[in-house]
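Source file: target_7.cif. Holds: mmCIF, C-alpha atoms and all ligand atoms.
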```cif
data_structure
loop_
_atom_site.group_PDB
_atom_site.id
_atom_site.type_symbol
_atom_site.label_atom_id
_atom_site.label_comp_id
_atom_site.auth_asym_id
_atom_site.auth_seq_id
_atom_site.Cartn_x
_atom_site.Cartn_y
_atom_site.Cartn_z
ATOM 1 C CA MET A 1400 -101.588 -2.694 19.754
ATOM 2 C CA ASP A 1401 -100.926 1.042 20.010
ATOM 3 C CA THR A 1402 -101.482 3.196 16.980
ATOM 4 C CA ARG A 1403 -98.202 3.907 15.191
ATOM 5 C CA SER A 1404 -97.078 7.528 15.145
ATOM 6 C CA ASP A 1405 -96.686 7.305 11.348
ATOM 7 C CA ASP A 1406 -100.256 6.049 10.878
ATOM 8 C CA PHE A 1407 -102.315 8.668 9.036
ATOM 9 C CA TYR A 1408 -105.395 6.431 8.933
ATOM 10 C CA PRO A 1409 -105.856 4.334 12.096
ATOM 11 C CA THR A 1410 -108.461 1.581 11.564
ATOM 12 C CA ARG A 1411 -109.513 -1.895 12.841
ATOM 13 C CA LEU A 1412 -109.999 -0.226 16.213
ATOM 14 C CA GLU A 1413 -111.555 -1.549 19.404
ATOM 15 C CA ARG A 1414 -114.322 1.008 19.475
ATOM 16 C CA PRO A 1415 -115.989 3.267 16.902
ATOM 17 C CA THR A 1416 -114.348 6.628 16.116
ATOM 18 C CA SER A 1417 -115.524 9.434 13.876
ATOM 19 C CA SER A 1418 -114.847 9.638 10.155
ATOM 20 C CA TYR A 1419 -112.650 12.474 8.969
ATOM 21 C CA ASP A 1420 -111.428 14.179 5.787
ATOM 22 C CA ARG A 1421 -108.708 12.357 3.843
ATOM 23 C CA ARG A 1422 -105.207 13.660 4.438
ATOM 24 C CA ASP A 1423 -103.965 13.195 0.860
ATOM 25 C CA PRO A 1424 -104.688 14.826 -2.484
ATOM 26 C CA VAL A 1425 -106.945 13.006 -4.961
ATOM 27 C CA VAL A 1426 -105.035 13.982 -8.118
ATOM 28 C CA HIS A 1427 -101.362 13.952 -7.172
ATOM 29 C CA SER A 1428 -99.750 15.674 -10.159
ATOM 30 C CA THR A 1429 -99.495 19.444 -9.948
ATOM 31 C CA GLY A 1430 -98.590 22.357 -12.235
ATOM 32 C CA ALA A 1431 -97.433 21.421 -15.721
ATOM 33 C CA ALA A 1432 -97.485 17.686 -14.930
ATOM 34 C CA ARG A 1433 -101.221 17.872 -14.230
ATOM 35 C CA LYS A 1434 -101.801 19.153 -17.776
ATOM 36 C CA ASP A 1435 -99.351 16.696 -19.316
ATOM 37 C CA GLY A 1436 -101.512 13.626 -19.823
ATOM 38 C CA PRO A 1437 -104.523 12.194 -21.606
ATOM 39 C CA LEU A 1438 -107.097 13.334 -19.018
ATOM 40 C CA SER A 1439 -108.616 16.767 -19.595
ATOM 41 C CA GLU A 1440 -109.036 19.282 -16.777
ATOM 42 C CA THR A 1441 -112.780 18.523 -16.829
ATOM 43 C CA GLU A 1442 -112.083 14.800 -16.314
ATOM 44 C CA LEU A 1443 -109.554 15.473 -13.567
ATOM 45 C CA ALA A 1444 -112.019 17.762 -11.784
ATOM 46 C CA ARG A 1445 -114.733 15.090 -12.074
ATOM 47 C CA TYR A 1446 -112.366 12.482 -10.618
ATOM 48 C CA GLU A 1447 -111.598 14.848 -7.747
ATOM 49 C CA ARG A 1448 -115.307 15.429 -7.142
ATOM 50 C CA ASP A 1449 -116.668 11.860 -7.591
ATOM 51 C CA GLY A 1450 -113.675 9.562 -6.997
ATOM 52 C CA PHE A 1451 -114.199 7.749 -10.308
ATOM 53 C CA LEU A 1452 -114.376 8.121 -14.109
ATOM 54 C CA VAL A 1453 -116.126 5.962 -16.713
ATOM 55 C CA PHE A 1454 -115.075 5.353 -20.330
ATOM 56 C CA ASN A 1455 -117.498 3.217 -22.326
ATOM 57 C CA SER A 1456 -116.020 0.832 -24.934
ATOM 58 C CA PHE A 1457 -112.458 1.744 -24.018
ATOM 59 C CA LEU A 1458 -111.130 -1.522 -25.478
ATOM 60 C CA ASP A 1459 -112.434 -2.715 -28.827
ATOM 61 C CA GLU A 1460 -114.506 -5.877 -29.186
ATOM 62 C CA THR A 1461 -111.763 -8.017 -30.726
ATOM 63 C CA THR A 1462 -109.335 -7.283 -27.908
ATOM 64 C CA VAL A 1463 -111.947 -7.976 -25.242
ATOM 65 C CA ARG A 1464 -112.951 -11.216 -26.947
ATOM 66 C CA ARG A 1465 -109.352 -12.457 -26.708
ATOM 67 C CA PHE A 1466 -109.241 -11.714 -22.995
ATOM 68 C CA ARG A 1467 -112.585 -13.449 -22.518
ATOM 69 C CA GLU A 1468 -111.303 -16.538 -24.335
ATOM 70 C CA ASP A 1469 -108.361 -16.569 -21.913
ATOM 71 C CA LEU A 1470 -110.840 -16.503 -19.028
ATOM 72 C CA ARG A 1471 -112.683 -19.514 -20.358
ATOM 73 C CA ALA A 1472 -109.413 -21.398 -20.692
ATOM 74 C CA TYR A 1473 -108.548 -20.595 -17.046
ATOM 75 C CA GLU A 1474 -111.773 -22.223 -15.856
ATOM 76 C CA GLU A 1475 -110.430 -25.516 -17.268
ATOM 77 C CA ASP A 1476 -106.815 -25.033 -16.245
ATOM 78 C CA ASP A 1477 -105.837 -27.192 -13.242
ATOM 79 C CA GLY A 1478 -102.744 -25.104 -12.495
ATOM 80 C CA ILE A 1479 -104.870 -21.987 -12.175
ATOM 81 C CA LEU A 1480 -107.690 -23.717 -10.316
ATOM 82 C CA GLN A 1481 -105.189 -24.962 -7.693
ATOM 83 C CA SER A 1482 -103.232 -21.717 -7.420
ATOM 84 C CA GLU A 1483 -103.338 -19.834 -4.114
ATOM 85 C CA GLY A 1484 -104.631 -16.710 -5.820
ATOM 86 C CA THR A 1485 -107.746 -18.448 -7.135
ATOM 87 C CA ILE A 1486 -110.670 -17.877 -4.775
ATOM 88 C CA THR A 1487 -113.907 -19.845 -5.137
ATOM 89 C CA GLU A 1488 -117.399 -18.725 -4.163
ATOM 90 C CA PRO A 1489 -118.314 -19.594 -0.535
ATOM 91 C CA GLY A 1490 -119.222 -23.310 -0.363
ATOM 92 C CA LYS A 1491 -118.856 -23.749 -4.146
ATOM 93 C CA GLN A 1492 -116.260 -24.725 -6.725
ATOM 94 C CA GLU A 1493 -117.014 -21.784 -9.026
ATOM 95 C CA ILE A 1494 -114.309 -19.175 -9.414
ATOM 96 C CA ARG A 1495 -114.966 -15.882 -7.585
ATOM 97 C CA SER A 1496 -111.601 -14.187 -8.218
ATOM 98 C CA ILE A 1497 -108.212 -14.932 -9.721
ATOM 99 C CA PHE A 1498 -105.526 -12.753 -8.148
ATOM 100 C CA GLY A 1499 -102.139 -12.072 -9.722
ATOM 101 C CA ILE A 1500 -103.579 -12.409 -13.217
ATOM 102 C CA HIS A 1501 -100.810 -10.317 -14.785
ATOM 103 C CA GLU A 1502 -98.269 -12.823 -13.484
ATOM 104 C CA LEU A 1503 -100.212 -15.746 -14.981
ATOM 105 C CA SER A 1504 -100.828 -14.257 -18.421
ATOM 106 C CA ALA A 1505 -98.463 -12.380 -20.734
ATOM 107 C CA ARG A 1506 -101.427 -10.726 -22.436
ATOM 108 C CA PHE A 1507 -102.784 -9.293 -19.168
ATOM 109 C CA ASP A 1508 -99.238 -8.316 -18.166
ATOM 110 C CA ARG A 1509 -98.806 -6.302 -21.371
ATOM 111 C CA LEU A 1510 -102.126 -4.590 -20.820
ATOM 112 C CA THR A 1511 -100.850 -3.263 -17.454
ATOM 113 C CA ARG A 1512 -98.194 -1.376 -19.464
ATOM 114 C CA ASP A 1513 -100.484 -0.142 -22.243
ATOM 115 C CA PRO A 1514 -99.684 3.572 -22.532
ATOM 116 C CA ARG A 1515 -103.388 4.356 -22.840
ATOM 117 C CA LEU A 1516 -103.670 3.186 -19.211
ATOM 118 C CA LEU A 1517 -100.247 4.061 -17.869
ATOM 119 C CA ASP A 1518 -100.294 7.684 -19.046
ATOM 120 C CA MET A 1519 -103.530 8.228 -17.097
ATOM 121 C CA VAL A 1520 -102.105 6.422 -14.060
ATOM 122 C CA GLN A 1521 -99.061 8.701 -14.023
ATOM 123 C CA GLN A 1522 -101.192 11.803 -14.401
ATOM 124 C CA LEU A 1523 -103.428 10.780 -11.470
ATOM 125 C CA LEU A 1524 -100.671 9.535 -9.152
ATOM 126 C CA GLY A 1525 -98.126 12.214 -10.064
ATOM 127 C CA SER A 1526 -95.325 9.675 -10.343
ATOM 128 C CA ASP A 1527 -94.344 6.352 -11.833
ATOM 129 C CA ALA A 1528 -96.358 3.375 -10.650
ATOM 130 C CA TYR A 1529 -96.294 -0.402 -10.253
ATOM 131 C CA ILE A 1530 -98.996 -3.041 -9.829
ATOM 132 C CA HIS A 1531 -100.024 -3.476 -6.189
ATOM 133 C CA GLN A 1532 -102.645 -6.111 -7.014
ATOM 134 C CA SER A 1533 -104.320 -7.513 -10.121
ATOM 135 C CA ARG A 1534 -107.362 -9.724 -10.298
ATOM 136 C CA ILE A 1535 -110.352 -10.881 -12.272
ATOM 137 C CA ASN A 1536 -113.664 -11.007 -10.469
ATOM 138 C CA TYR A 1537 -115.812 -13.617 -12.219
ATOM 139 C CA LYS A 1538 -119.283 -13.320 -10.757
ATOM 140 C CA PRO A 1539 -120.601 -16.442 -12.498
ATOM 141 C CA GLY A 1540 -124.226 -16.618 -13.653
ATOM 142 C CA PHE A 1541 -126.781 -17.629 -10.959
ATOM 143 C CA HIS A 1542 -124.138 -18.265 -8.223
ATOM 144 C CA GLY A 1543 -122.000 -15.117 -8.255
ATOM 145 C CA LYS A 1544 -122.163 -13.523 -4.814
ATOM 146 C CA GLY A 1545 -121.785 -9.804 -4.149
ATOM 147 C CA PHE A 1546 -119.164 -7.712 -2.408
ATOM 148 C CA ASP A 1547 -120.164 -5.710 0.680
ATOM 149 C CA TRP A 1548 -119.518 -1.946 0.825
ATOM 150 C CA HIS A 1549 -115.858 -1.148 1.480
ATOM 151 C CA SER A 1550 -112.944 1.130 0.685
ATOM 152 C CA ASP A 1551 -110.065 -0.861 -0.804
ATOM 153 C CA PHE A 1552 -107.580 1.547 0.764
ATOM 154 C CA GLU A 1553 -108.816 0.647 4.250
ATOM 155 C CA THR A 1554 -107.803 -3.000 3.676
ATOM 156 C CA TRP A 1555 -104.564 -2.188 1.838
ATOM 157 C CA HIS A 1556 -103.567 0.177 4.636
ATOM 158 C CA ALA A 1557 -104.446 -2.153 7.521
ATOM 159 C CA GLU A 1558 -103.423 -5.499 5.981
ATOM 160 C CA ASP A 1559 -100.754 -4.541 3.411
ATOM 161 C CA GLY A 1560 -99.142 -1.461 4.998
ATOM 162 C CA MET A 1561 -99.987 0.948 2.162
ATOM 163 C CA PRO A 1562 -99.194 4.229 3.924
ATOM 164 C CA ARG A 1563 -101.064 6.919 1.948
ATOM 165 C CA MET A 1564 -103.979 7.285 -0.466
ATOM 166 C CA ARG A 1565 -101.945 7.322 -3.661
ATOM 167 C CA ALA A 1566 -103.240 4.302 -5.564
ATOM 168 C CA VAL A 1567 -105.906 3.838 -8.217
ATOM 169 C CA SER A 1568 -107.926 0.912 -9.594
ATOM 170 C CA PHE A 1569 -108.549 0.420 -13.304
ATOM 171 C CA SER A 1570 -111.481 -1.933 -13.859
ATOM 172 C CA ILE A 1571 -112.157 -3.167 -17.393
ATOM 173 C CA ALA A 1572 -115.414 -4.996 -18.087
ATOM 174 C CA LEU A 1573 -114.763 -8.288 -19.861
ATOM 175 C CA THR A 1574 -118.500 -8.939 -20.230
ATOM 176 C CA ASP A 1575 -121.358 -6.477 -20.589
ATOM 177 C CA ASN A 1576 -122.277 -4.875 -17.268
ATOM 178 C CA THR A 1577 -126.041 -4.453 -17.060
ATOM 179 C CA PRO A 1578 -128.311 -3.287 -14.220
ATOM 180 C CA PHE A 1579 -129.094 -6.978 -13.615
ATOM 181 C CA ASN A 1580 -125.825 -8.903 -13.375
ATOM 182 C CA GLY A 1581 -124.371 -7.254 -10.287
ATOM 183 C CA PRO A 1582 -122.451 -4.266 -11.696
ATOM 184 C CA LEU A 1583 -119.985 -2.298 -9.577
ATOM 185 C CA MET A 1584 -121.757 0.315 -7.435
ATOM 186 C CA LEU A 1585 -119.857 3.393 -6.274
ATOM 187 C CA VAL A 1586 -120.658 6.185 -3.834
ATOM 188 C CA PRO A 1587 -119.634 9.445 -5.530
ATOM 189 C CA GLY A 1588 -117.618 11.726 -3.275
ATOM 190 C CA SER A 1589 -117.031 9.030 -0.622
ATOM 191 C CA HIS A 1590 -113.286 8.980 -1.379
ATOM 192 C CA LYS A 1591 -112.946 12.324 0.440
ATOM 193 C CA THR A 1592 -113.763 10.750 3.806
ATOM 194 C CA PHE A 1593 -111.804 8.130 5.715
ATOM 195 C CA VAL A 1594 -114.061 5.823 7.732
ATOM 196 C CA PRO A 1595 -112.177 4.005 10.510
ATOM 197 C CA CYS A 1596 -113.518 0.471 10.951
ATOM 198 C CA VAL A 1597 -114.032 -1.523 14.142
ATOM 199 C CA GLY A 1598 -112.532 -4.929 14.946
ATOM 200 C CA ARG A 1599 -109.088 -6.456 15.331
ATOM 201 C CA THR A 1600 -107.730 -8.289 12.301
ATOM 202 C CA PRO A 1601 -106.988 -12.003 12.846
ATOM 203 C CA GLU A 1602 -103.839 -13.438 11.211
ATOM 204 C CA ASP A 1603 -104.573 -14.796 7.711
ATOM 205 C CA ASN A 1604 -107.843 -12.872 7.614
ATOM 206 C CA TYR A 1605 -107.636 -12.898 3.815
ATOM 207 C CA GLN A 1606 -108.461 -16.588 3.696
ATOM 208 C CA SER A 1607 -112.046 -15.762 4.607
ATOM 209 C CA SER A 1608 -112.288 -12.071 3.673
ATOM 210 C CA LEU A 1609 -111.833 -12.727 -0.053
ATOM 211 C CA LYS A 1610 -114.920 -14.956 -0.014
ATOM 212 C CA LYS A 1611 -116.918 -12.680 2.241
ATOM 213 C CA GLN A 1612 -115.554 -9.549 3.864
ATOM 214 C CA GLU A 1613 -116.457 -9.148 7.573
ATOM 215 C CA LEU A 1614 -113.754 -6.720 8.749
ATOM 216 C CA GLY A 1615 -112.916 -3.390 7.181
ATOM 217 C CA VAL A 1616 -116.589 -2.815 6.478
ATOM 218 C CA PRO A 1617 -117.956 0.522 7.714
ATOM 219 C CA SER A 1618 -120.822 0.401 10.224
ATOM 220 C CA ASN A 1619 -124.380 0.706 8.927
ATOM 221 C CA ARG A 1620 -124.528 4.111 10.559
ATOM 222 C CA ASP A 1621 -121.446 5.376 8.680
ATOM 223 C CA LEU A 1622 -122.696 3.835 5.434
ATOM 224 C CA ASP A 1623 -126.098 5.411 5.886
ATOM 225 C CA ALA A 1624 -124.521 8.843 6.403
ATOM 226 C CA LEU A 1625 -122.237 8.629 3.354
ATOM 227 C CA ILE A 1626 -124.747 7.024 1.015
ATOM 228 C CA SER A 1627 -127.697 9.215 2.030
ATOM 229 C CA GLN A 1628 -125.571 12.270 1.418
ATOM 230 C CA ASN A 1629 -123.999 11.202 -1.881
ATOM 231 C CA GLY A 1630 -126.239 8.572 -3.492
ATOM 232 C CA ILE A 1631 -125.098 5.546 -5.496
ATOM 233 C CA LYS A 1632 -123.954 5.216 -9.116
ATOM 234 C CA ALA A 1633 -123.802 1.887 -10.941
ATOM 235 C CA PRO A 1634 -122.170 2.551 -14.316
ATOM 236 C CA THR A 1635 -123.226 -0.011 -16.898
ATOM 237 C CA GLY A 1636 -121.802 -0.517 -20.347
ATOM 238 C CA PRO A 1637 -120.597 -2.954 -22.962
ATOM 239 C CA ALA A 1638 -117.616 -5.260 -22.525
ATOM 240 C CA GLY A 1639 -114.459 -3.217 -22.930
ATOM 241 C CA SER A 1640 -115.699 -0.313 -20.784
ATOM 242 C CA LEU A 1641 -113.276 1.122 -18.245
ATOM 243 C CA ILE A 1642 -113.972 2.430 -14.741
ATOM 244 C CA ILE A 1643 -111.129 4.240 -12.990
ATOM 245 C CA PHE A 1644 -111.702 4.609 -9.256
ATOM 246 C CA GLU A 1645 -109.705 6.142 -6.471
ATOM 247 C CA CYS A 1646 -108.428 3.742 -3.799
ATOM 248 C CA ASN A 1647 -110.679 5.177 -1.062
ATOM 249 C CA THR A 1648 -113.937 5.305 -3.055
ATOM 250 C CA LEU A 1649 -116.640 3.317 -1.267
ATOM 251 C CA HIS A 1650 -117.939 0.535 -3.506
ATOM 252 C CA GLY A 1651 -119.687 -2.821 -3.520
ATOM 253 C CA SER A 1652 -121.866 -4.986 -5.728
ATOM 254 C CA ASN A 1653 -124.886 -7.266 -5.626
ATOM 255 C CA ALA A 1654 -125.122 -10.951 -6.443
ATOM 256 C CA ASN A 1655 -125.590 -12.058 -10.041
ATOM 257 C CA MET A 1656 -128.978 -13.749 -10.413
ATOM 258 C CA THR A 1657 -128.886 -13.727 -14.219
ATOM 259 C CA PRO A 1658 -127.626 -16.662 -16.313
ATOM 260 C CA TRP A 1659 -124.834 -14.448 -17.685
ATOM 261 C CA PRO A 1660 -121.460 -14.044 -15.991
ATOM 262 C CA ARG A 1661 -120.233 -10.570 -15.112
ATOM 263 C CA SER A 1662 -116.454 -10.615 -15.283
ATOM 264 C CA ASN A 1663 -114.300 -7.589 -14.600
ATOM 265 C CA LEU A 1664 -110.555 -7.179 -14.731
ATOM 266 C CA PHE A 1665 -108.845 -5.027 -12.088
ATOM 267 C CA PHE A 1666 -105.379 -3.534 -12.102
ATOM 268 C CA VAL A 1667 -104.420 -1.627 -8.968
ATOM 269 C CA TYR A 1668 -101.601 0.831 -9.546
ATOM 270 C CA ASN A 1669 -99.675 2.212 -6.601
ATOM 271 C CA SER A 1670 -97.254 5.147 -6.727
ATOM 272 C CA VAL A 1671 -93.574 4.173 -6.476
ATOM 273 C CA GLU A 1672 -93.455 6.911 -3.814
ATOM 274 C CA ASN A 1673 -96.023 5.062 -1.688
ATOM 275 C CA ALA A 1674 -94.068 1.872 -0.964
ATOM 276 C CA LEU A 1675 -95.661 -0.699 1.354
ATOM 277 C CA GLU A 1676 -94.549 -0.747 4.982
ATOM 278 C CA GLN A 1677 -95.367 -3.189 7.755
ATOM 279 C CA PRO A 1678 -99.164 -3.670 7.879
ATOM 280 C CA PHE A 1679 -100.764 -1.068 10.135
ATOM 281 C CA CYS A 1680 -103.005 -3.731 11.752
ATOM 282 C CA GLY A 1681 -99.838 -5.230 13.267
ATOM 283 C CA ASN A 1682 -100.047 -8.616 11.485
ATOM 284 C CA LYS A 1683 -97.533 -10.118 9.096
ATOM 285 C CA PRO A 1684 -97.870 -8.972 5.472
ATOM 286 C CA ARG A 1685 -100.341 -10.767 3.212
ATOM 287 C CA PRO A 1686 -99.002 -12.892 0.342
ATOM 288 C CA ASP A 1687 -97.610 -11.161 -2.712
ATOM 289 C CA PHE A 1688 -100.572 -11.985 -4.943
ATOM 290 C CA LEU A 1689 -102.647 -9.627 -2.730
ATOM 291 C CA GLY A 1690 -100.111 -6.967 -1.812
ATOM 292 C CA ASN A 1691 -97.102 -7.100 -4.100
ATOM 293 C CA ARG A 1692 -93.785 -6.283 -2.415
ATOM 294 C CA ASN A 1693 -91.397 -7.933 -4.847
ATOM 295 C CA HIS A 1694 -91.916 -6.399 -8.275
ATOM 296 C CA THR A 1695 -92.166 -2.730 -7.424
ATOM 297 C CA GLU A 1696 -89.999 -1.172 -10.126
ATOM 298 C CA ALA A 1697 -91.720 1.529 -12.205
ATOM 299 C CA LEU A 1698 -93.779 0.125 -15.094
ATOM 300 C CA GLN A 1699 -92.507 1.253 -18.489
ATOM 301 C CA PRO A 1700 -95.111 1.954 -21.184
ATOM 302 C CA LEU A 1701 -95.066 -0.378 -24.188
ATOM 303 C CA ARG A 1702 -95.183 2.353 -26.806
ATOM 304 C CA ASP A 1703 -94.416 0.958 -30.225
ATOM 305 C CA ARG A 1704 -96.378 -2.226 -30.307
ATOM 306 C CA ASP A 1705 -99.847 -3.187 -31.284
ATOM 307 C CA LEU A 1706 -101.040 -4.461 -27.920
ATOM 308 C CA SER A 1707 -104.024 -6.253 -29.343
ATOM 309 C CA LYS A 1708 -101.817 -8.564 -31.421
ATOM 310 C CA VAL A 1709 -99.261 -9.680 -28.868
ATOM 311 C CA GLY A 1710 -99.450 -12.316 -26.173
HETATM 312 O O1 LIG B 1801 -108.581 -7.645 0.194
HETATM 313 C C1 LIG B 1801 -108.376 -7.113 -0.897
HETATM 314 O O2 LIG B 1801 -107.293 -6.631 -1.195
HETATM 315 C C2 LIG B 1801 -109.479 -7.090 -1.887
HETATM 316 N N1 LIG B 1801 -110.779 -7.170 -1.373
HETATM 317 C C3 LIG B 1801 -111.795 -6.498 -1.815
HETATM 318 C C4 LIG B 1801 -113.159 -6.827 -1.385
HETATM 319 N N2 LIG B 1801 -111.619 -5.509 -2.709
HETATM 320 C C5 LIG B 1801 -110.312 -5.096 -3.060
HETATM 321 C C6 LIG B 1801 -109.286 -6.114 -2.958
HETATM 322 O O3 LIG B 1801 -109.246 -6.897 -4.103
HETATM 323 FE FE FE B 1802 -112.923 -3.621 -3.592
#
```

Please render this file's structure as structure tokens.
Ligand code: 6CS
Ligand code: FE
Amino acid sequence: MDTRSDDFYPTRLERPTSSYDRRDPVVHSTGAARKDGPLSETELARYERDGFLVFNSFLDETTVRRFREDLRAYEEDDGILQSEGTITEPGKQEIRSIFGIHELSARFDRLTRDPRLLDMVQQLLGSDAYIHQSRINYKPGFHGKGFDWHSDFETWHAEDGMPRMRAVSFSIALTDNTPFNGPLMLVPGSHKTFVPCVGRTPEDNYQSSLKKQELGVPSNRDLDALISQNGIKAPTGPAGSLIIFECNTLHGSNANMTPWPRSNLFFVYNSVENALEQPFCGNKPRPDFLGNRNHTEALQPLRDRDLSKVG
């Protein structure tokens, strides 16, 4: 397939090509709108420099406990276990990820519209936003496998038709993240570079990629260059901690060899001005639970309610 003329980030190519600087801003609001939000100029500048921000104990213990109880209930819930968005670990019955969690749970859905999150989203994306993808990654004790290094944007661009880098992931720890249970690792500054990846995308690639990603993974040479230059950060913290990371920030995680699960919640917000197109890899779009195309109206903040009590 020829590269489309509207493709700012060609990837899944037949042969290796050089990395280049991103062609989009990192913080999208400008002027007065940039100042009009919960993030300080220092935090915005750090996000622009590193591609992520960390807030320890962002949610209080009681709220996190409720979400964790929901998780336990899902492990016993046949409807959820059978649902297309529930991915098990390779060769095992243990849950690896549940996609579309905000459509399965009113409590998670309300959290997507918590103004404490949404006000930051709007400040970073410079517009209203909607949920492109939501998920819980379980990483069960002993059997939880890792995630290879990747940029989420590379997959969302190639397989979901997300045109520009104007999306952001909010990851909330539902269990403690320690150095031992496979915490998220990020490469600071990597979001500034787009790394085209090699290899054509087969139809329905997601059926294997969500268990183990083979395509859309930079070459060892590209990884070596980016990681040697920038290093690796693995923020750890108690349950309730929040990591905000830009859609092109290189990240991955190790397996969980401890007895304790490491579960994280992810909400991916996309700008309403960055609507999905046909996938740039040329395949048909992925299902909605991975790349939402149906509920794209701007999220409205739930201002006057105690979010911890509802749902
Ligand atoms: O394919 C996807 O959309 C997902 N895969 C990975 C490894 N990270 C982001 C996203 O959830
Ligand atoms: Fe990812």

Checklist entry - If the PyMOL selection byres (((not hetatm)) within 10 of (chain B and resi 1801)) is run on the structure shown, which residues does it catch, given as a PyMOL selection string? => result chain A and resi 1496-1498+1531-1536+1545-1556+1558-1559+1568+1604-1613+1615-1616+1646+1650-1652+1665-1667+1685+1688-1690

Determine, counting all atoms listed in the file, which protein, DNA and RNA residues have an atom within 7 Å of an atom of Tyr1537 (chain A); residues of the same chain fewer than 6 positions away are not included. Present the result as a PDB file with C-alpha atoms, in the frame of the given file.
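File part.pdb, as written:
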```pdb
ATOM      1  CA  ILE A1494    -114.309 -19.175  -9.414  1.00  0.00           C
ATOM      2  CA  ARG A1495    -114.966 -15.882  -7.585  1.00  0.00           C
ATOM      3  CA  SER A1496    -111.601 -14.187  -8.218  1.00  0.00           C
ATOM      4  CA  PRO A1660    -121.460 -14.044 -15.991  1.00  0.00           C
ATOM      5  CA  ARG A1661    -120.233 -10.570 -15.112  1.00  0.00           C
ATOM      6  CA  SER A1662    -116.454 -10.615 -15.283  1.00  0.00           C
ATOM      7  CA  ASN A1663    -114.300  -7.589 -14.600  1.00  0.00           C
TER       8      ASN A1663
END
```

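Residue nearest Pro1539 (chain A) within the list A:Leu1622, A:Ala1444, A:Leu1675, A:Leu1470: A:Leu1470 [criterion: smallest interatomic distance, only C-alpha atoms].
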
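Each of A:Val1426, A:Leu1664, A:Val1463, A:Val1586 was checked against His1501 (chain A) using only C-alpha atoms; the smallest atom-to-atom distance is that of A:Leu1664.
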
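What separates CA of Leu1412 (chain A) from CA of Leu1524 (chain A) is a distance of 28.7 Å.
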
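Those residues that approach region 1698-1703 of chain A to within 10 Å, counting only C-alpha atoms, are Arg1509, Leu1510, Thr1511, Arg1512, Asp1513, Pro1514, Arg1515, Leu1516, Leu1517, Asp1518, Asp1527, Ala1528, Tyr1529, Ile1530, Tyr1668, Val1671, His1694, Thr1695 and Leu1706 of chain A; same-chain residues fewer than 3 positions away are not listed.
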
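Put simply, CA of Thr1635 (chain A) is 24.0 Å away from CA of Glu1493 (chain A).
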
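The nearest approach to Asp1459 (chain A) among the residues A:Pro1684, A:Ile1571, A:Ser1627, A:Asn1653, with all atoms listed in the file taken into account, belongs to A:Ile1571.
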
Checklist entry - Closest to Gly1636 (chain A) among A:Met1564, A:Ile1479, A:Val1453, A:Ala1472, using only C-alpha atoms? => result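 Result for the nearest residue to Gly1636 (chain A): A:Val1453.
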